[in-house]
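> Pasting a structure here, questions to come.
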Amino acid sequence: MSRRVPRSRAVLAAALGAALAAPVALTAPATAATGQYSVTALKFTVQAGGRTCTIDADLYRPAGIGSARPAPAVLATNGFGGSKNDGSTDAIGRSFAQRGYVGLVYSGLGFGRSGCLVSLDDPATDGRAASQLVDFLAGKRAADDGTSADFVTLDAPGDPRVGMIGGSYGGAVQLATASVDRRVDALVPMITWNDLAYSLDPNNAVGAADVPGAFKWQWTNGFYLIGEGQPLLEPSLDPSRINSLACLHFVTPACDTIRTLNSGRYPADRTRELLAYARSVSPVSYLHRVQAPTLLVQGQADTLFNLDEATRTYKALKARGTPVKMIWQSWGHSGGISDPAAGELDLAAGNLETSYVGRRILAWFDRYLHHRTGVDTGPAFAYYRDWAGDPGSRYATADRLPVPGRKLYLSGDGKLVDDRRKVARGSRSYLNWLTPTSHSESSLAGMLGLPDAAPHDIKGTYLAWTGEPLRRPVEVVGEPRARLKVVSPTAERTQGSGDAADRLVLFAKLYDVAPDGTQTLVHRLVAPVRVPDVRRPFTVTLPGIVHRYERGHRLRFVIAASDGAYFGNRGVKPVTVVSAPGDTGVLELPAVRD
């Protein structure tokens, strides 16, 4: 009953976020993965985004399930560039049908054989379309061939017991659906975004949400080309999937956003529109309407949607009282999807019961879809530790998220010291070139398993502060933070031009330096910053990490003038950093063991 897609296409879909996550629990699942099931291909004509289009779906029905013996349902769709037939997407239907759930797996709008334009998981379009599939599970409507469902558990007439699961593009759609349809009972969004404005054009300066960041051009244009190139994957497209010659397969605002970002300019009016549109289709704008219990699973190896995205969603849901828990697993868009570490979730392999994340997901659905109130859904927060020897003990847990606590100071002599009194007076400078001089990653290399050059910076285009060899290991879990003040007269003169592209851009990052001098940029993560006002101090939140700095290793904090994976400074803007004991930069680490 399983399907296979050509490896080249499967890899391509994965590279654009088609990876999924699987179910998990701390206790043994109620149903073993031995059940038989049938698969029925269905079509649904829906209204979405002002268009009429068809959704291509597969219904997975466990043997013995009927009107007299109904079962909860699991709804899922693919990641960007994929379809219902992708190995990981198809595996959701199979895996949950084997465990007694009714499965409805569909190709998202604009992908596979489903119609309509690609609309970036807009609640008003993708969310409403999914809600019409919930109507089918509720028995309120039939598929186009007349097939109806009277075998899904109902909480009330027209209200089916239904959960959703999926990764990346198939993760955000869950939150979009729950924001417009409160019949959805449980969510498991994996490796997905909180705010596309941050994901594609990140600015890690605290309090600068309205200041555009540094365009993540490699990832973004990869997605854009796949979306616009759909006829290469699906010949004879449904006419509802054609927009215009200027914007073939996306909704028009999405194409306008990409073009603005690729222009390298941020005029005030277009920037406001860009940020407003990207956020309007992102969970950040509608989480206040999400009430479904949510288990967030985010990947540590992910430069597309980093750990900060899930953290922001977690905090927003928790603040509103929505039941929510979060897991930081090892794999994400930048590595491990096709070859998970030992003991990690691999849905295609069906290791739900034998992986930590898998057991947690199964428990989540046991609790909220089967209403087994005694099921332990696990701690509020769990994270994977790659340094733990036994795969069975690689997850640590906590009842709250770690916060920065250990302070280190940027000394004028390039040292990173643990006491402000050790700071030496001094100033150091760097100069950006008109071409990138620092390398963190080639964005799709990690996903595709291709070789990538080690992260590096060219002398004279960055500043580094390096600590003493550690006397004992330091485990950092969470988002490091840096308080900085830079001097750049050129940037000061240009920042008032009316075009945010004239403001200073820099990239902050944290290396692990081994005793032999080899340095590692953890998961190749960097913090792009477009400085809000170069005349004032500013705070930078670095992407969240889980990393153990071993005894004898040194921490190295770097600010660089550029990064090849992002658009950077327009024009040459020299930067100087001045340090003194009473006035210097501060790096704070969320160290859980020190």
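The chains in the structure tokens are called A, B, ... from first to last as shown; in each chain the residues are counted from 1, and the ligands are counted from 1 in the order shown.
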For Ser443 of chain A, find every residue with an atom within 9 Å (counting only C-alpha atoms), except residues of its own chain fewer than 5 positions away, and show them as a list in words.

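Near neighbours after the sequence-gap exclusion: Gln218, Trp219, Thr303, Leu304, Ser334 and Ala565 of chain A.
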
> Sorted by chain and rising residue number, list the residues of segment 245-361 of chain A at most 9 Å from segment 177-183 of chain A (counting only C-alpha atoms), each with its closest atom pair and distance in Å to one decimal, as CSV.


residue,atom,partner,partner_atom,distance
A:Pro283,CA,A:Ser179,CA,8.9
A:Tyr286,CA,A:Ser179,CA,6.5
A:Leu287,CA,A:Ser179,CA,7.0
A:His288,CA,A:Ser179,CA,8.0
A:Arg289,CA,A:Ser179,CA,4.9
A:Val290,CA,A:Ser179,CA,4.8
A:Gln291,CA,A:Arg182,CA,7.1
A:Ala292,CA,A:Ala178,CA,6.6

> Could you write out the selected residues, including all heavy atoms, as a compact mmCIF listing (two decimals), in the first residue's frame?


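Resulting contents of result_26.txt:
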# COMPACT_ATOMS: atom_id res chain seq x y z
N PRO A 283 1.86 32.38 11.59
CA PRO A 283 1.25 32.16 12.88
C PRO A 283 1.34 33.35 13.84
O PRO A 283 0.44 33.56 14.66
CB PRO A 283 2.01 30.94 13.43
CG PRO A 283 2.39 30.17 12.20
CD PRO A 283 2.71 31.23 11.17
N TYR A 286 -1.89 35.20 14.05
CA TYR A 286 -3.19 34.60 14.38
C TYR A 286 -3.13 33.58 15.52
O TYR A 286 -4.13 32.90 15.80
CB TYR A 286 -3.82 33.96 13.13
CG TYR A 286 -2.98 32.93 12.42
CD1 TYR A 286 -2.81 31.65 12.95
CD2 TYR A 286 -2.39 33.20 11.19
CE1 TYR A 286 -2.06 30.69 12.30
CE2 TYR A 286 -1.63 32.25 10.53
CZ TYR A 286 -1.47 31.00 11.07
OH TYR A 286 -0.73 30.05 10.43
N LEU A 287 -2.01 33.47 16.20
CA LEU A 287 -1.92 32.48 17.29
C LEU A 287 -2.94 32.76 18.39
O LEU A 287 -3.33 31.83 19.13
CB LEU A 287 -0.51 32.47 17.88
CG LEU A 287 0.55 31.74 17.05
CD1 LEU A 287 1.93 31.96 17.63
CD2 LEU A 287 0.24 30.25 16.95
N HIS A 288 -3.37 33.99 18.50
CA HIS A 288 -4.37 34.32 19.53
C HIS A 288 -5.70 33.62 19.28
O HIS A 288 -6.55 33.55 20.18
CB HIS A 288 -4.58 35.84 19.60
CG HIS A 288 -5.10 36.44 18.34
ND1 HIS A 288 -4.30 36.68 17.25
CD2 HIS A 288 -6.36 36.83 17.98
CE1 HIS A 288 -5.03 37.21 16.27
NE2 HIS A 288 -6.28 37.31 16.69
N ARG A 289 -5.88 33.08 18.07
CA ARG A 289 -7.11 32.36 17.76
C ARG A 289 -6.95 30.84 17.85
O ARG A 289 -7.90 30.10 17.61
CB ARG A 289 -7.61 32.73 16.35
CG ARG A 289 -7.90 34.20 16.15
CD ARG A 289 -8.77 34.44 14.92
NE ARG A 289 -8.15 33.94 13.70
CZ ARG A 289 -7.38 34.65 12.88
NH1 ARG A 289 -7.12 35.92 13.19
NH2 ARG A 289 -6.87 34.13 11.78
N VAL A 290 -5.74 30.37 18.16
CA VAL A 290 -5.49 28.93 18.21
C VAL A 290 -5.70 28.41 19.63
O VAL A 290 -5.05 28.85 20.57
CB VAL A 290 -4.05 28.61 17.75
CG1 VAL A 290 -3.74 27.12 17.92
CG2 VAL A 290 -3.86 29.02 16.30
N GLN A 291 -6.63 27.47 19.77
CA GLN A 291 -6.93 26.88 21.07
C GLN A 291 -6.60 25.39 21.14
O GLN A 291 -6.60 24.81 22.23
CB GLN A 291 -8.41 27.09 21.41
CG GLN A 291 -8.81 28.55 21.56
CD GLN A 291 -10.26 28.72 21.96
OE1 GLN A 291 -11.05 27.78 21.91
NE2 GLN A 291 -10.61 29.93 22.36
N ALA A 292 -6.31 24.78 20.02
CA ALA A 292 -6.03 23.34 20.00
C ALA A 292 -4.73 23.03 20.73
O ALA A 292 -3.71 23.71 20.50
CB ALA A 292 -5.95 22.84 18.56

> Go through A:Phe557, A:Gly222, A:Gly335, A:Gln132 and flag the residue nearest Pro451 of chain A, using only C-alpha atoms for the distances.

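Checking each of A:Phe557, A:Gly222, A:Gly335, A:Gln132 against Pro451 of chain A, counting only C-alpha atoms, the winner is A:Gly335.
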
> Write out as a list in words the residues lying within 8 Å of Ser199 of chain A, counting only C-alpha atoms and excluding same-chain residues fewer than 5 positions away.

Trp193, Asn194, Lys216, Leu304 and Phe305 of chain A

> Just want the 12 Å neighbourhood of Asp339 of chain A, counted on only C-alpha atoms, with same-chain residues fewer than 2 positions away dropped. Output as a PyMOL selection string.

chain A and resi 11+14+19+330-337+341-349+446-449

> Taking only C-alpha atoms into account, name the residue in A:Ala561, A:Ala172, A:Leu187, A:Val487 that is nearest to Leu434 of chain A.

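Nearest candidate to Leu434 of chain A out of A:Ala561, A:Ala172, A:Leu187, A:Val487: A:Ala561.
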
> Please return, as a ChimeraX atom specification, all residues of segment 1-243 of chain A that DSSP assigns to alpha helix (DSSP H) on the basis of the backbone.

/A:7-15,87-98,128-137,169-180,196-200,217-228,230-233

> Which is closest to Leu431 of chain A among A:Lys573, A:Arg99, A:Lys509, A:Lys407, if we use only C-alpha atoms?

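Comparing A:Lys573, A:Arg99, A:Lys509, A:Lys407 against Leu431 of chain A, the winner is A:Lys573.
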
> Return the single residue from A:Gly213, A:Pro581, A:Pro489, A:Pro402 that is closest to Tyr566 of chain A, with distances computed using only C-alpha atoms.

A:Gly213
